[in-house]
Structures are given as C-alpha cells and as structure tokens.
>>> print(open('coords_3.csv').read())   # CSV, C-alpha atoms
chain,number,residue,atom,x,y,z
A,1,MET,CA,0.0,0.0,0.0
A,2,GLU,CA,1.3,3.4,-1.0
A,3,GLN,CA,2.0,5.7,1.9
A,4,ARG,CA,1.8,9.5,2.0
A,5,THR,CA,4.9,11.6,2.0
A,6,ASP,CA,5.5,14.1,4.8
A,7,ARG,CA,4.4,16.9,2.5
A,8,GLU,CA,1.2,15.1,1.6
A,9,THR,CA,0.5,14.4,5.3
A,10,LEU,CA,1.0,18.1,6.3
A,11,ASP,CA,-1.2,19.2,3.3
A,12,LEU,CA,-3.9,16.7,4.4
A,13,ALA,CA,-3.9,18.1,7.9
A,14,ARG,CA,-4.3,21.6,6.6
A,15,GLU,CA,-7.1,20.5,4.3
A,16,MET,CA,-9.0,18.9,7.2
A,17,VAL,CA,-8.5,22.0,9.3
A,18,LYS,CA,-10.0,24.1,6.6
A,19,ALA,CA,-12.9,21.7,6.2
A,20,MET,CA,-13.6,21.9,9.9
A,21,GLN,CA,-13.6,25.7,9.7
A,22,THR,CA,-16.1,25.5,6.8
A,23,HIS,CA,-18.2,23.0,8.8
A,24,ILE,CA,-18.3,25.3,11.9
A,25,GLN,CA,-19.1,28.4,9.8
A,26,GLY,CA,-22.1,26.5,8.4
A,27,GLY,CA,-23.2,25.8,11.9
A,28,VAL,CA,-23.0,29.5,12.9
A,29,SER,CA,-25.0,30.4,9.8
A,30,ARG,CA,-27.7,28.0,10.8
A,31,TYR,CA,-27.5,28.8,14.6
A,32,PRO,CA,-26.2,32.4,15.1
A,33,GLU,CA,-26.5,31.9,18.9
A,34,LEU,CA,-23.7,29.3,18.6
A,35,ARG,CA,-21.1,32.1,18.9
A,36,THR,CA,-22.6,33.1,22.3
A,37,LEU,CA,-22.9,29.5,23.5
A,38,LEU,CA,-19.3,28.5,22.6
A,39,PRO,CA,-17.6,30.3,25.5
A,40,TYR,CA,-19.9,28.5,28.0
A,41,VAL,CA,-18.9,25.1,26.4
A,42,MET,CA,-15.2,26.0,26.4
A,43,ALA,CA,-15.4,27.0,30.1
A,44,GLY,CA,-17.4,23.9,31.2
A,45,ILE,CA,-20.4,26.0,32.3
A,46,LYS,CA,-23.6,24.0,32.3
A,47,GLN,CA,-26.0,26.8,33.1
A,48,VAL,CA,-26.5,29.0,30.1
A,49,PRO,CA,-28.9,32.0,29.5
A,50,ASN,CA,-32.5,31.1,28.7
A,51,GLY,CA,-33.4,31.1,25.0
A,52,LEU,CA,-29.8,30.4,23.9
A,53,ILE,CA,-30.5,26.8,23.0
A,54,PRO,CA,-33.4,25.9,20.7
A,55,ALA,CA,-36.4,24.2,22.2
A,56,ASN,CA,-36.9,21.9,19.3
A,57,PRO,CA,-35.2,18.6,20.2
A,58,ALA,CA,-33.7,18.0,16.8
A,59,ASP,CA,-32.3,21.6,16.5
A,60,ARG,CA,-31.1,21.4,20.1
A,61,ARG,CA,-29.1,18.2,19.4
A,62,GLU,CA,-27.6,19.6,16.2
A,63,MET,CA,-26.7,22.9,17.7
A,64,LEU,CA,-25.0,21.4,20.8
A,65,ALA,CA,-23.1,18.9,18.6
A,66,MET,CA,-21.9,21.8,16.4
A,67,CYS,CA,-20.9,23.7,19.4
A,68,ARG,CA,-18.8,20.8,20.7
A,69,ASP,CA,-17.2,20.5,17.3
A,70,ALA,CA,-16.3,24.2,17.4
A,71,ALA,CA,-15.0,24.0,21.0
A,72,ILE,CA,-12.7,21.1,20.2
A,73,HIS,CA,-11.4,22.9,17.1
A,74,GLU,CA,-10.7,26.0,19.3
A,75,LEU,CA,-8.8,23.8,21.7
A,76,TRP,CA,-6.5,22.6,18.8
A,77,ARG,CA,-6.0,26.2,17.7
A,78,GLY,CA,-4.3,26.9,21.0
A,79,ASP,CA,-1.1,25.3,19.8
A,80,LYS,CA,-1.9,24.0,16.3
A,81,GLN,CA,0.1,20.8,16.6
A,82,VAL,CA,-0.1,17.8,14.3
A,83,LEU,CA,1.1,14.3,15.1
A,84,SER,CA,1.8,11.7,12.4
A,85,MET,CA,3.1,8.2,13.2
A,86,ASP,CA,5.2,6.3,10.6
A,87,GLU,CA,2.6,4.1,8.9
A,88,TYR,CA,4.9,1.0,8.8
A,89,LEU,CA,5.5,1.3,12.5
A,90,LEU,CA,1.9,2.0,13.3
A,91,THR,CA,0.9,-1.2,11.4
A,92,ALA,CA,3.4,-3.2,13.4
A,93,LEU,CA,2.3,-1.7,16.7
A,94,SER,CA,-1.4,-2.3,15.9
A,95,GLU,CA,-0.6,-6.1,15.6
A,96,SER,CA,1.1,-6.2,19.0
A,97,PRO,CA,-0.2,-6.0,22.6
A,98,ALA,CA,1.5,-2.6,23.1
A,99,GLU,CA,1.3,-1.0,26.6
A,100,MET,CA,-0.4,2.4,27.0
A,101,PRO,CA,1.1,4.1,30.1
A,102,LYS,CA,-1.6,6.5,31.4
A,103,ALA,CA,1.2,8.8,32.7
A,104,ALA,CA,2.6,9.1,29.2
A,105,VAL,CA,-0.8,10.2,27.9
A,106,ARG,CA,-1.4,12.6,30.7
A,107,GLY,CA,2.1,14.0,30.5
A,108,LEU,CA,2.1,14.4,26.7
A,109,GLN,CA,4.1,17.5,25.8
A,110,TYR,CA,1.8,18.2,22.8
A,111,ARG,CA,-1.4,19.9,23.8
A,112,ASN,CA,-4.6,18.8,22.1
A,113,PRO,CA,-2.8,17.6,19.0
A,114,LEU,CA,-4.5,16.7,15.7
A,115,VAL,CA,-3.5,13.1,14.8
A,116,VAL,CA,-3.3,12.1,11.1
A,117,LEU,CA,-4.6,8.6,10.4
A,118,THR,CA,-3.1,6.1,8.0
A,119,THR,CA,-3.7,6.2,4.3
A,120,PRO,CA,-7.0,4.5,3.5
A,121,ASP,CA,-6.7,1.2,1.6
A,122,PHE,CA,-9.6,1.2,-0.8
A,123,SER,CA,-8.9,-2.4,-1.8
A,124,ASP,CA,-9.9,-3.4,1.7
A,125,GLU,CA,-13.5,-4.7,1.9
A,126,ASP,CA,-14.2,-2.9,5.2
A,127,THR,CA,-12.8,0.4,3.9
A,128,GLN,CA,-15.1,0.2,0.9
A,129,TYR,CA,-18.1,-0.3,3.2
A,130,TYR,CA,-17.0,2.5,5.5
A,131,ARG,CA,-16.7,4.9,2.5
A,132,GLN,CA,-20.5,4.9,1.8
A,133,GLN,CA,-22.0,3.6,5.0
A,134,ILE,CA,-20.1,5.0,8.0
A,135,GLY,CA,-17.5,7.3,6.5
A,136,ILE,CA,-13.7,7.3,6.5
A,137,PRO,CA,-11.9,9.5,9.0
A,138,PHE,CA,-8.6,11.1,7.9
A,139,VAL,CA,-7.7,12.9,11.2
A,140,ALA,CA,-8.6,12.8,14.9
A,141,HIS,CA,-8.6,15.7,17.3
A,142,THR,CA,-7.5,14.8,20.8
A,143,PHE,CA,-8.4,16.8,23.9
A,144,GLY,CA,-9.3,16.6,27.6
A,145,ARG,CA,-12.6,15.6,29.2
A,146,TRP,CA,-13.7,15.9,32.8
A,147,ASP,CA,-16.9,15.6,34.9
A,148,ASN,CA,-17.2,11.9,34.0
A,149,GLY,CA,-16.5,12.6,30.4
A,150,GLN,CA,-19.4,15.1,30.1
A,151,LEU,CA,-17.4,18.3,29.7
A,152,LEU,CA,-14.4,19.4,27.5
A,153,CYS,CA,-11.1,21.0,28.5
A,154,SER,CA,-7.5,21.3,27.3
A,155,MET,CA,-5.1,18.5,28.0
A,156,SER,CA,-3.1,21.0,29.9
A,157,ASP,CA,-6.0,21.8,32.2
A,158,ASP,CA,-5.9,20.6,35.8
A,159,ARG,CA,-9.4,19.2,35.4
A,160,PHE,CA,-8.2,16.8,32.6
A,161,GLU,CA,-9.4,13.3,33.6
A,162,ASP,CA,-10.0,11.3,30.4
A,163,LEU,CA,-8.9,11.5,26.8
A,164,GLY,CA,-11.4,12.8,24.3
A,165,VAL,CA,-11.1,11.9,20.6
A,166,MET,CA,-13.1,13.4,17.7
A,167,PHE,CA,-12.7,11.7,14.3
A,168,VAL,CA,-13.1,13.9,11.3
A,169,GLY,CA,-13.6,12.6,7.8
A,170,TYR,CA,-16.0,12.1,4.9
A,171,ILE,CA,-18.8,9.9,3.8
A,172,SER,CA,-19.6,9.4,0.2
A,173,THR,CA,-23.3,10.3,-0.7
A,174,PRO,CA,-25.2,10.8,-4.0
A,175,GLN,CA,-24.7,14.5,-3.5
A,176,GLY,CA,-20.9,14.1,-3.0
A,177,LEU,CA,-18.6,14.0,0.0
A,178,VAL,CA,-20.0,15.1,3.3
A,179,LEU,CA,-17.9,16.0,6.3
A,180,GLN,CA,-18.6,13.9,9.4
A,181,THR,CA,-17.4,14.0,13.0
A,182,LEU,CA,-17.7,11.4,15.7
A,183,ARG,CA,-16.6,11.8,19.4
A,184,CYS,CA,-15.7,9.3,22.0
A,185,THR,CA,-14.1,9.2,25.5
A,186,VAL,CA,-11.1,7.0,26.5
A,187,PRO,CA,-11.0,6.3,30.3
A,188,LEU,CA,-7.6,7.2,31.8
A,189,ASP,CA,-8.2,5.9,35.4
A,190,GLY,CA,-5.5,3.6,36.8
A,191,LYS,CA,-1.8,3.6,36.0
A,192,SER,CA,-1.3,1.6,32.8
A,193,THR,CA,-3.1,-0.7,30.4
A,194,THR,CA,-2.6,-2.0,26.9
A,195,VAL,CA,-3.9,-0.1,23.9
A,196,ALA,CA,-6.2,-3.0,23.1
A,197,GLU,CA,-7.7,-2.9,26.6
A,198,ALA,CA,-8.2,0.9,26.4
A,199,VAL,CA,-9.9,0.5,23.0
A,200,ALA,CA,-12.2,-2.3,24.3
A,201,ARG,CA,-13.3,-0.2,27.4
A,202,THR,CA,-14.0,2.8,25.1
A,203,VAL,CA,-16.1,0.8,22.7
A,204,SER,CA,-18.0,-1.0,25.4
A,205,GLY,CA,-18.9,2.4,27.0
A,206,PHE,CA,-19.7,4.1,23.7
A,207,HIS,CA,-23.3,5.3,23.2
A,208,PHE,CA,-24.4,4.0,19.8
A,209,SER,CA,-27.4,6.4,19.4
A,210,ASP,CA,-29.8,6.5,16.5
A,211,ASP,CA,-28.4,9.9,15.5
A,212,LEU,CA,-25.3,8.1,14.1
A,213,GLY,CA,-27.5,6.7,11.3
A,214,GLU,CA,-25.7,3.4,11.2
A,215,GLN,CA,-27.9,0.3,11.2
A,216,ASP,CA,-25.2,-2.3,11.6
A,217,ILE,CA,-23.8,-1.5,15.1
A,218,SER,CA,-21.3,-4.3,14.9
A,219,ARG,CA,-19.7,-2.7,11.8
A,220,LEU,CA,-19.6,0.7,13.6
A,221,ALA,CA,-17.9,-1.0,16.6
A,222,THR,CA,-15.3,-2.5,14.3
A,223,TRP,CA,-14.8,0.9,12.7
A,224,LEU,CA,-14.3,2.5,16.1
A,225,ARG,CA,-11.8,-0.1,17.2
A,226,ARG,CA,-9.8,0.2,14.0
A,227,TYR,CA,-9.3,4.0,14.1
A,228,LEU,CA,-9.2,4.4,17.8
A,229,THR,CA,-6.3,1.9,17.9
A,230,GLN,CA,-4.3,4.2,15.6
A,231,VAL,CA,-5.0,7.2,17.7
A,232,LEU,CA,-4.0,5.6,21.0
A,233,HIS,CA,-0.8,4.1,19.6
A,234,THR,CA,0.2,7.5,18.2
A,235,VAL,CA,-0.5,9.4,21.4
A,236,SER,CA,1.0,6.8,23.7
A,237,TYR,CA,4.2,6.5,21.5
A,238,ALA,CA,4.5,10.3,21.5
A,239,GLY,CA,4.4,10.4,25.3
A,240,SER,CA,6.6,7.3,25.9
A,241,ASN,CA,9.3,7.9,23.2
A,242,PRO,CA,9.9,11.6,22.9
A,243,GLU,CA,13.3,10.9,21.5
A,244,ASP,CA,11.9,9.3,18.3
A,245,ALA,CA,10.1,12.4,17.1
A,246,GLU,CA,11.1,14.7,14.3
A,247,VAL,CA,9.6,18.2,14.7
A,248,TYR,CA,9.1,20.5,11.7
A,249,ARG,CA,7.8,24.0,12.2
A,250,PRO,CA,6.4,25.3,8.9
A,251,PRO,CA,7.7,28.8,8.2
A,252,THR,CA,5.3,31.7,8.0
A,253,ARG,CA,5.0,32.8,4.4
A,254,THR,CA,5.9,36.3,3.5
A,255,VAL,CA,4.1,38.6,1.1
A,256,GLY,CA,4.3,42.1,-0.2
A,257,LYS,CA,7.0,44.7,-0.5
A,258,GLY,CA,10.0,44.0,1.7
A,259,LYS,CA,8.8,40.5,2.4
A,260,LYS,CA,6.7,41.7,5.3
A,261,ALA,CA,5.4,38.6,7.1
A,262,ARG,CA,1.6,38.2,6.9
A,263,ARG,CA,-0.5,37.3,9.9
A,264,PRO,CA,-0.8,33.5,10.4
A,265,ARG,CA,-3.9,32.0,8.9
A,266,ARG,CA,-6.4,30.1,11.0
A,267,GLU,CA,-5.5,26.8,9.3
A,268,ASP,CA,-1.7,27.2,9.8
A,269,VAL,CA,0.1,24.4,11.6
A,270,THR,CA,2.8,25.5,14.0
A,271,GLU,CA,4.3,22.1,14.6
A,272,PHE,CA,4.3,19.0,12.5
A,273,VAL,CA,5.6,16.1,14.5
A,274,LYS,CA,6.7,12.9,12.7
A,275,LEU,CA,6.8,9.9,15.1
A,276,GLY,CA,8.6,6.6,14.9
A,277,ALA,CA,11.0,7.1,12.0
A,278,ARG,CA,14.0,5.7,13.9
A,279,LEU,CA,12.2,2.6,15.3
A,280,SER,CA,10.6,2.0,11.9
A,281,ARG,CA,14.0,1.9,10.2
A,282,GLU,CA,15.3,-0.6,12.8
A,283,LEU,CA,12.3,-2.8,12.3
A,284,ARG,CA,12.6,-2.8,8.5
A,285,GLU,CA,16.3,-3.6,8.7
A,286,LEU,CA,15.7,-6.4,11.2
A,287,ARG,CA,13.0,-8.0,9.0
A,288,GLU,CA,15.1,-7.7,5.9
A,289,SER,CA,18.0,-9.4,7.7
A,290,GLU,CA,15.8,-12.2,8.8
A,291,GLY,CA,14.3,-12.6,5.4
>>> encode(input="coords_3.csv", output="structure tokens")
Amino acid sequence: MEQRTDRETLDLAREMVKAMQTHIQGGVSRYPELRTLLPYVMAGIKQVPNGLIPANPADRREMLAMCRDAAIHELWRGDKQVLSMDEYLLTALSESPAEMPKAAVRGLQYRNPLVVLTTPDFSDEDTQYYRQQIGIPFVAHTFGRWDNGQLLCSMSDDRFEDLGVMFVGYISTPQGLVLQTLRCTVPLDGKSTTVAEAVARTVSGFHFSDDLGEQDISRLATWLRRYLTQVLHTVSYAGSNPEDAEVYRPPTRTVGKGKKARRPRREDVTEFVKLGARLSRELRELRESEG
C-alpha cells in the first residue's frame, strides 16, 4: 500500500482543518447563537442563558453537537500541533499487545494535537463499506474531558481526567462527499493498560445512538476499534518515546514589499511532529536481515 509523503501528510492536515472551519461556519450560519454558546462550552459551564439553546429537540441536538465540534477545534487552535506516526511502525504496533502508560498520555508535551490517520486502503472490503455507510476518518482531534466525560477541557487543564477523541472525515453520498465528526471518550483511570484494553473499554462504553444513522452496530464498533487503535498508539508513543520524534515548524510565508510577514492563517500548523521514524527503520532492517 502506498503511503503519504511528509508533505502530503501536512497538506492533508491543513485541508482537514480548513474543512472543519467551513463546517463550523455552516453551523454558525444555521444557529447564530452558537457564537454566544461557545464560551460556555469551552469553560465547562452547564447553566446558560434562557433562550440560547433551541427548544426543538432536533435543533437542540444539532446545535449542541456543532458547538462541541467548534470547542474542540478551538482547543486545537491553542497550539496548532499535528502528530503523524510512521505508517509502517503503526501497522506493526497495531498487531502487538502494546502497553499504554496512562502517565505518558497525561504528560504528553503536545497539547490537544491533531492526529493524522493512515492512508485508506480502498482495496480493503471494510474500507469500501465505510466509504459509503459510515465514513472514512482522515484525522482525529485529541483533547481533555472531565466531569465523568461530560465536559471538555484542554489536556493542559488541571481538570483533565479522560482523553477525548473526535474523528473527522468524509462519507460518500449521492450529493458528494459530506464531512462527518464522531466523538468518544477514553478512560484514563489507573496507571497503565494496553492499547487493546483501552480500546475495548472505550467501545463498550460508547453510546451507539440513533443519530449516528448506522444500522449495523457491529460494523460501527469494528470501525471505532480500527481507528481508535491508531490514535492511541500514536498518542502513547509520542508520550513514551519523545526521542523518536522529528519536529518540523512550517515557516510563515511572507508577502508584499520588503517581504513583510503576513499574519498566520487560522489553518496554519505551528508544529508537524513525525513519530517513529527511527524505530521503523530498525524494524525494517531487522525483518530484511531475517528474510
């Protein structure tokens, strides 16, 4: 399977950030009160002014979901960091009972990073199904949760209890590609566990509501296990192996007379962190020598 280059990975991250901005702008257009509600969600305030949230149940659910999407995006904009695990290494780790130290996740030096997922393999039967029935995520936002997973916060916040993950991708419809988000909570109680155990606990505690629009819950559970495994291996490896990280800080482009630097755009990435290149090379060399 062909893998993305570093440039393609960074471009994909930027593209998905832009897509999220467009998604949020659409939500604000539909619900102008979302701008007023957002600071309450960001601060974890449950009591909001009367009349701010629609009385209609469907509109209420949609507006609150849009506001959570916007709040998670704002948390990422605090540092604008992107993590990308070497795909060869990620595949190898996904096939092993890798440990996930809770302290490594809690002590992650990257705050609320955007994780780039592996290149979709469209020859895979499950991926073909996901493309039109559930959707294919390309990135995942990570952030903090507190109050038994009910409220959002930064991973640098003292209230940070559990790990929040929001997948962002597309589903193919007759009208074209439609952006989709799906959020879940990874419990971080205890000292250590394996990635597989953390994934199993997350899936078992996930609320498969009718709003998801997926009839085959078993397929959605398999979907969640597949992509959540990638996220947890990436975040755990970043926290446990900081020496195996290559950090690239994209320069701010300059425009105009005298090369005056422009203000950074909302979709700019301040740090692109490539993980696992060293260990990936060692694994490749070991397998080649054994072959």
>>> atom_distance(input="coords_3.csv", atom1="CA of Tyr40 in chain A", atom2="CA of Met166 in chain A")
19.5 Å
>>> closest_atom_pairs(input="coords_3.csv", of="range 59-140 of chain A", to="range 168-177 of chain A", cutoff="7 Å", atoms="all atoms listed in the file", output="CSV")
residue,atom,partner,partner_atom,distance
A:Arg131,CA,A:Ile171,CA,5.6
A:Gln132,CA,A:Ser172,CA,4.9
A:Ile134,CA,A:Ile171,CA,6.6
A:Gly135,CA,A:Ile171,CA,4.0
A:Ile136,CA,A:Gly169,CA,5.5
A:Pro137,CA,A:Gly169,CA,3.7
A:Phe138,CA,A:Gly169,CA,5.2
A:Val139,CA,A:Val168,CA,5.5
A:Ala140,CA,A:Val168,CA,5.9
>>> write_last_selection(input="coords_3.csv", atoms="C-alpha atoms", output="PDB file, in the coordinates of the input")
ATOM      1  CA  ARG A 131     -16.700   4.900   2.500  1.00  0.00           C
ATOM      2  CA  GLN A 132     -20.500   4.900   1.800  1.00  0.00           C
ATOM      3  CA  ILE A 134     -20.100   5.000   8.000  1.00  0.00           C
ATOM      4  CA  GLY A 135     -17.500   7.300   6.500  1.00  0.00           C
ATOM      5  CA  ILE A 136     -13.700   7.300   6.500  1.00  0.00           C
ATOM      6  CA  PRO A 137     -11.900   9.500   9.000  1.00  0.00           C
ATOM      7  CA  PHE A 138      -8.600  11.100   7.900  1.00  0.00           C
ATOM      8  CA  VAL A 139      -7.700  12.900  11.200  1.00  0.00           C
ATOM      9  CA  ALA A 140      -8.600  12.800  14.900  1.00  0.00           C
TER      10      ALA A 140
END
>>> closest_residue(input="coords_3.csv", among="A:Thr127, A:Thr202, A:Gln133, A:Ser156", to="Ala221 in chain A", atoms="all atoms listed in the file")
A:Thr202
>>> atom_distance(input="coords_3.csv", atom1="CA of Gly44 in chain A", atom2="CA of Leu152 in chain A")
6.6 Å
>>> residues_around(input="coords_3.csv", residues="Leu83 in chain A", least_positions_apart="2", cutoff="9 Å", atoms="all atoms listed in the file", output="number ranges by chain")
A: 81, 85, 110, 113-116, 234-235, 238, 271-275
>>> residues_around(input="coords_3.csv", residues="Leu52 in chain A", least_positions_apart="3", cutoff="7 Å", atoms="only C-alpha atoms", output="PyMOL selection string")
chain A and resi 33+37+49
>>> atom_distance(input="coords_3.csv", atom1="CA of Leu12 in chain A", atom2="CA of Leu163 in chain A")
23.5 Å
>>> closest_atom_pairs(input="coords_3.csv", of="range 24-77 of chain A", to="range 181-191 of chain A", cutoff="10 Å", atoms="only C-alpha atoms", output="Markdown table")
| residue | atom | partner | partner_atom | distance |
| --- | --- | --- | --- | --- |
| A:Ala65 | CA | A:Thr181 | CA | 9.4 |
| A:Met66 | CA | A:Thr181 | CA | 9.6 |
| A:Arg68 | CA | A:Arg183 | CA | 9.4 |
| A:Asp69 | CA | A:Thr181 | CA | 7.8 |
>>> residues_near_point(input="coords_3.csv", point="(-10.4, -0.2, 20.1)", cutoff="10 Å", atoms="all atoms listed in the file", output="JSON, numbers by chain")
{"A": [186, 195, 196, 197, 198, 199, 200, 201, 202, 203, 204, 221, 222, 223, 224, 225, 226, 227, 228, 229, 230, 231, 232]}
